[in-house]
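Shown below: structure.cif, with mmCIF, C-alpha atoms.
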data_coords
loop_
_atom_site.label_atom_id
_atom_site.label_comp_id
_atom_site.auth_asym_id
_atom_site.auth_seq_id
_atom_site.Cartn_x
_atom_site.Cartn_y
_atom_site.Cartn_z
CA MET A 1 59.83 96.40 73.71
CA PRO A 2 62.07 94.98 70.93
CA LYS A 3 62.15 91.23 70.45
CA ILE A 4 65.38 89.31 70.95
CA GLY A 5 66.24 87.00 68.05
CA SER A 6 67.10 83.36 68.71
CA GLU A 7 70.74 83.80 67.61
CA THR A 8 71.16 86.82 69.90
CA LEU A 9 69.63 84.95 72.82
CA LYS A 10 71.86 81.96 72.12
CA TYR A 11 74.93 84.22 72.11
CA PHE A 12 74.08 85.73 75.50
CA LEU A 13 73.36 82.30 77.00
CA ILE A 14 76.78 81.04 75.84
CA LYS A 15 78.51 84.11 77.29
CA PHE A 16 76.63 83.69 80.57
CA LYS A 17 77.72 80.05 80.84
CA GLN A 18 81.32 81.10 80.18
CA LEU A 19 81.12 83.63 83.00
CA LEU A 20 79.89 80.96 85.39
CA THR A 21 83.05 78.92 84.75
CA LEU A 22 85.20 81.71 86.25
CA SER A 23 86.22 81.30 89.88
CA LYS A 24 85.38 84.93 90.73
CA ILE A 25 84.08 88.01 88.91
CA TYR A 26 84.62 91.44 90.47
CA VAL A 27 82.75 94.55 89.35
CA ILE A 28 84.52 97.57 90.85
CA GLY A 29 82.72 100.91 91.03
CA ILE A 30 84.73 104.04 91.89
CA LEU A 31 82.31 106.70 93.16
CA ASP A 32 82.83 110.45 93.60
CA PHE A 33 79.88 110.49 96.01
CA SER A 34 78.73 108.58 99.10
CA PHE A 35 75.59 106.46 98.84
CA ASP A 36 75.57 105.32 102.46
CA ASN A 37 76.57 107.73 105.26
CA SER A 38 75.63 105.25 108.00
CA TYR A 39 79.27 104.16 108.06
CA PRO A 40 81.33 107.33 107.47
CA ASP A 41 84.68 105.54 107.73
CA SER A 42 83.78 102.61 105.46
CA VAL A 43 85.44 103.53 102.15
CA ILE A 44 85.19 100.10 100.52
CA THR A 45 81.89 98.19 100.47
CA LYS A 46 81.63 94.61 99.18
CA VAL A 47 78.26 93.43 97.88
CA GLN A 48 76.78 90.13 96.70
CA LEU A 49 73.36 89.59 95.15
CA MET A 50 70.76 87.90 97.36
CA ASP A 51 67.67 85.98 96.23
CA ASN A 52 64.19 86.34 97.73
CA ARG A 53 65.05 83.75 100.40
CA GLY A 54 68.01 85.79 101.65
CA ASP A 55 70.60 83.42 100.22
CA VAL A 56 73.56 84.48 98.09
CA PHE A 57 72.36 84.25 94.49
CA ASN A 58 75.80 83.48 93.04
CA ASP A 59 79.09 83.64 94.92
CA VAL A 60 81.03 84.05 91.66
CA LEU A 61 79.70 87.56 91.05
CA ASN A 62 81.00 90.19 93.47
CA PHE A 63 80.62 93.98 93.56
CA VAL A 64 83.12 96.33 95.18
CA TYR A 65 82.17 100.00 95.66
CA ILE A 66 84.79 102.60 96.56
CA GLU A 67 83.34 105.84 97.99
CA LEU A 68 86.15 108.35 97.47
CA PRO A 69 84.65 111.20 99.57
CA LYS A 70 85.02 108.99 102.66
CA PHE A 71 88.76 108.63 102.12
CA ARG A 72 90.36 111.54 104.00
CA LYS A 73 93.97 110.48 104.56
CA ASN A 74 96.76 112.74 103.33
CA LYS A 75 100.01 111.40 101.87
CA GLU A 76 101.80 111.53 105.23
CA ASN A 77 99.31 109.09 106.79
CA LEU A 78 99.25 106.33 104.16
CA GLU A 79 99.82 102.95 105.85
CA THR A 80 98.89 100.21 103.35
CA PHE A 81 98.98 99.71 99.60
CA THR A 82 95.21 100.09 99.62
CA ASP A 83 95.63 103.53 101.23
CA MET A 84 98.13 104.47 98.51
CA TRP A 85 95.85 103.34 95.69
CA LEU A 86 92.89 105.23 97.14
CA PHE A 87 94.99 108.36 97.61
CA LEU A 88 96.18 108.22 93.99
CA ILE A 89 92.73 107.52 92.55
CA LYS A 90 91.37 110.52 94.42
CA ASN A 91 94.28 112.96 93.96
CA LEU A 92 96.26 111.95 90.87
CA TYR A 93 94.71 114.70 88.73
CA GLN A 94 96.19 117.43 90.92
CA LEU A 95 99.63 115.98 91.72
CA GLN A 96 102.60 117.88 90.28
CA GLU A 97 105.15 115.17 91.10
CA ARG A 98 105.29 111.65 92.50
CA PRO A 99 105.00 111.70 96.32
CA ILE A 100 108.05 110.35 98.13
CA GLU A 101 105.66 108.25 100.24
CA ILE A 102 104.58 106.32 97.10
CA GLN A 103 107.78 104.99 95.54
CA SER A 104 106.91 101.29 95.33
CA ALA A 105 107.48 99.70 91.91
CA ILE A 106 103.84 98.58 91.84
CA PHE A 107 102.87 102.17 90.97
CA ASP A 108 105.49 102.72 88.23
CA ARG A 109 103.15 101.91 85.36
CA LEU A 110 100.44 104.20 86.75
CA PHE A 111 102.76 107.20 86.92
CA ALA A 112 104.31 106.39 83.53
CA THR A 113 100.84 106.36 81.95
CA ALA A 114 99.90 109.58 83.74
CA GLU A 115 103.01 111.28 82.38
CA LEU A 116 102.13 110.21 78.84
CA CYS A 117 98.62 111.59 79.20
CA ASN A 118 100.10 114.91 80.30
CA LEU A 119 102.34 115.36 77.22
CA ASP A 120 101.49 118.10 74.73
CA ASP A 121 101.23 117.29 71.01
CA MET A 122 104.89 118.01 70.26
CA GLU A 123 106.16 116.00 73.23
CA TYR A 124 103.90 113.07 72.38
CA LYS A 125 105.15 113.02 68.77
CA GLU A 126 108.75 112.94 70.03
CA TYR A 127 107.89 110.13 72.44
CA SER A 128 106.20 108.15 69.64
CA ARG A 129 109.24 108.64 67.41
CA SER A 130 111.62 107.42 70.14
CA LEU A 131 109.38 104.44 70.86
CA LYS A 132 109.31 103.51 67.18
CA GLU A 133 113.13 103.72 67.01
CA TYR A 134 113.42 101.45 70.04
CA ARG A 135 110.98 98.89 68.60
CA ASP A 136 112.74 98.97 65.22
CA TRP A 137 116.05 98.40 67.00
CA LYS A 138 114.64 95.52 69.02
CA CYS A 139 113.23 93.92 65.88
CA SER A 140 116.56 94.34 64.09
CA ILE A 141 118.43 92.74 66.98
CA SER A 142 116.04 89.78 66.98
CA ARG A 143 116.61 89.22 63.27
CA ALA A 144 120.37 89.68 63.69
CA ILE A 145 120.51 87.01 66.35
CA ASP A 146 119.00 84.57 63.88
CA ASP A 147 121.62 85.58 61.30
CA GLY A 148 124.51 85.54 63.74
CA ARG A 149 125.12 89.31 63.41
CA ALA A 150 123.79 90.57 66.76
CA GLU A 151 127.09 91.88 68.08
CA GLY A 152 127.66 94.30 65.21
CA LEU A 153 124.17 95.74 65.36
CA GLU A 154 124.30 96.19 69.14
CA LYS A 155 127.58 98.13 68.91
CA GLY A 156 126.25 100.35 66.12
CA PHE A 157 123.09 101.15 68.02
CA ALA A 158 124.94 101.85 71.28
CA LYS A 159 126.58 104.94 69.73
CA GLY A 160 123.24 106.63 69.14
CA PHE A 161 121.07 105.27 71.91
CA SER A 162 121.12 106.53 75.50
CA GLU A 163 123.11 104.16 77.72
CA GLY A 164 121.08 105.14 80.77
CA HIS A 165 117.82 104.34 79.00
CA ALA A 166 118.97 100.89 77.90
CA VAL A 167 120.48 99.96 81.28
CA GLY A 168 117.49 101.28 83.22
CA LEU A 169 115.08 99.35 81.04
CA ALA A 170 116.90 96.06 81.62
CA GLU A 171 117.54 96.55 85.34
CA GLY A 172 114.06 97.80 86.10
CA ARG A 173 112.45 94.80 84.46
CA ALA A 174 114.73 92.28 86.20
CA GLU A 175 114.40 93.76 89.69
CA GLY A 176 110.76 94.77 89.64
CA ILE A 177 108.90 91.64 88.52
CA LYS A 178 108.99 89.74 91.83
CA GLN A 179 108.38 92.85 93.93
CA ASN A 180 105.41 93.80 91.74
CA GLN A 181 103.93 90.33 92.18
CA LEU A 182 104.18 90.52 95.98
CA GLU A 183 102.86 94.06 96.23
CA THR A 184 99.98 93.34 93.85
CA ALA A 185 99.05 90.29 95.91
CA LYS A 186 99.15 92.36 99.12
CA ALA A 187 96.87 95.02 97.64
CA MET A 188 94.42 92.35 96.43
CA LEU A 189 94.42 90.75 99.90
CA ASP A 190 93.58 94.14 101.44
CA LEU A 191 90.60 94.39 99.06
CA GLY A 192 89.41 90.92 100.09
CA VAL A 193 90.03 89.26 96.73
CA ASP A 194 89.84 85.46 96.79
CA LYS A 195 93.24 83.71 97.11
CA ASP A 196 92.56 81.54 94.04
CA VAL A 197 92.16 84.72 91.99
CA ILE A 198 95.36 86.21 93.44
CA VAL A 199 97.33 83.07 92.57
CA SER A 200 95.97 83.15 89.02
CA VAL A 201 96.80 86.86 88.54
CA THR A 202 100.21 87.10 90.25
CA LYS A 203 101.52 83.54 89.63
CA LEU A 204 102.64 83.41 93.28
CA THR A 205 102.24 80.28 95.40
CA TYR A 206 99.62 79.94 98.13
CA GLU A 207 102.45 79.86 100.69
CA GLU A 208 103.86 83.18 99.45
CA ILE A 209 100.42 84.76 99.66
CA GLU A 210 99.87 83.40 103.19
CA ASN A 211 103.17 84.99 104.27
CA LEU A 212 101.87 88.41 103.20
CA LYS A 213 99.12 88.42 105.84
#
Taking this structure as input, can you express it in the form of structure tokens?
Amino acid sequence: MPKIGSETLKYFLIKFKQLLTLSKIYVIGILDFSFDNSYPDSVITKVQLMDNRGDVFNDVLNFVYIELPKFRKNKENLETFTDMWLFLIKNLYQLQERPIEIQSAIFDRLFATAELCNLDDMEYKEYSRSLKEYRDWKCSISRAIDDGRAEGLEKGFAKGFSEGHAVGLAEGRAEGIKQNQLETAKAMLDLGVDKDVIVSVTKLTYEEIENLK
């Protein structure tokens, strides 16, 4: 068995102490098999480590196991955001289009990423080129604002850039932020995540989270 040097041991001890300062740590395992058939309808199992006295070893560290074979709902029977997430995790690879039952803004980024992963080489190069043009334009606008020349640059860019793309980008960001926060908080509540963690992640108030129950 290899020996652990003092510096290596010191590094791991520091990292361990840093972990203990966190309010909660969640290790989520997504399984394509069932390890406990005693509860055939229990898709999500939450686990904490116990010591030899039967006490919780550390309530900071939490394990969540998702047994996908136990999830049998089809898209017509999805009732909660947790149902929708489980359906997508299990079936995303075979979907040809976004289901009409899953149109919430909380899933926009997931489907956008999935579409990117499905591009062929030529399509991905074109996407990368368009993205670079947009970032160059954004950088130019930022510099122009500092120089007092923003209006001229914006007009020149508008002739060559899709109006629908620009408007959709601005409107989608403005309208979706609050809804995403609420829907993310609801999904985390369904998974049993601690409210302190939800507040930290979503920036919502405790009152807003209580109203989601």
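Counting from atom CA of A:Leu68, the distance to atom CA of A:Asp36 is 12.1 Å.
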To verify the selection step, state as a PyMOL selection string which residues the PyMOL selection byres ((chain A and resi 67) around 9) yields on this input.
-> chain A and resi 29-36+42-45+65-66+68-71
Selected residues written out with C-alpha atoms, as a short mmCIF file (atom, residue, chain, number, x, y, z; two decimals), in the frame of the given file:
data_model
loop_
_atom_site.label_atom_id
_atom_site.label_comp_id
_atom_site.auth_asym_id
_atom_site.auth_seq_id
_atom_site.Cartn_x
_atom_site.Cartn_y
_atom_site.Cartn_z
CA GLY A 29 82.72 100.91 91.03
CA ILE A 30 84.73 104.04 91.89
CA LEU A 31 82.31 106.70 93.16
CA ASP A 32 82.83 110.45 93.60
CA PHE A 33 79.88 110.49 96.01
CA SER A 34 78.73 108.58 99.10
CA PHE A 35 75.59 106.46 98.84
CA ASP A 36 75.57 105.32 102.46
CA SER A 42 83.78 102.61 105.46
CA VAL A 43 85.44 103.53 102.15
CA ILE A 44 85.19 100.10 100.52
CA THR A 45 81.89 98.19 100.47
CA TYR A 65 82.17 100.00 95.66
CA ILE A 66 84.79 102.60 96.56
CA LEU A 68 86.15 108.35 97.47
CA PRO A 69 84.65 111.20 99.57
CA LYS A 70 85.02 108.99 102.66
CA PHE A 71 88.76 108.63 102.12
#
Can you list, as an MDAnalysis selection string, the residues that the PyMOL selection byres ((chain A and resi 198) around 10) selects here?
-> chainID A and resid 181 184:189 193:197 199:206 209
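Between atom CA of A:Ile106 and atom CA of A:Thr82 there is a distance of 11.7 Å.
Picture a line from atom CA of A:Phe81 to atom CA of A:Ile28; it runs 17.0 Å.
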Need the neighbours of (81.6, 94.7, 89.9): which residues are at most 9 Å away, counting all atoms listed in the file, as a JSON list (two decimals) with C-alpha atoms, keeping the file's coordinate frame?
[["chain", "number", "residue", "atom", "x", "y", "z"],
["A", 25, "ILE", "CA", 84.08, 88.01, 88.91],
["A", 26, "TYR", "CA", 84.62, 91.44, 90.47],
["A", 27, "VAL", "CA", 82.75, 94.55, 89.35],
["A", 28, "ILE", "CA", 84.52, 97.57, 90.85],
["A", 29, "GLY", "CA", 82.72, 100.91, 91.03],
["A", 47, "VAL", "CA", 78.26, 93.43, 97.88],
["A", 61, "LEU", "CA", 79.70, 87.56, 91.05],
["A", 62, "ASN", "CA", 81.00, 90.19, 93.47],
["A", 63, "PHE", "CA", 80.62, 93.98, 93.56],
["A", 64, "VAL", "CA", 83.12, 96.33, 95.18],
["A", 65, "TYR", "CA", 82.17, 100.00, 95.66]]
Take the PyMOL selection byres ((chain A and resi 114-129) around 12), apply it to the structure above, and return the hits as a VMD selection string.
-> chain A and resid 88 to 89 92 to 98 107 to 113 130 to 136
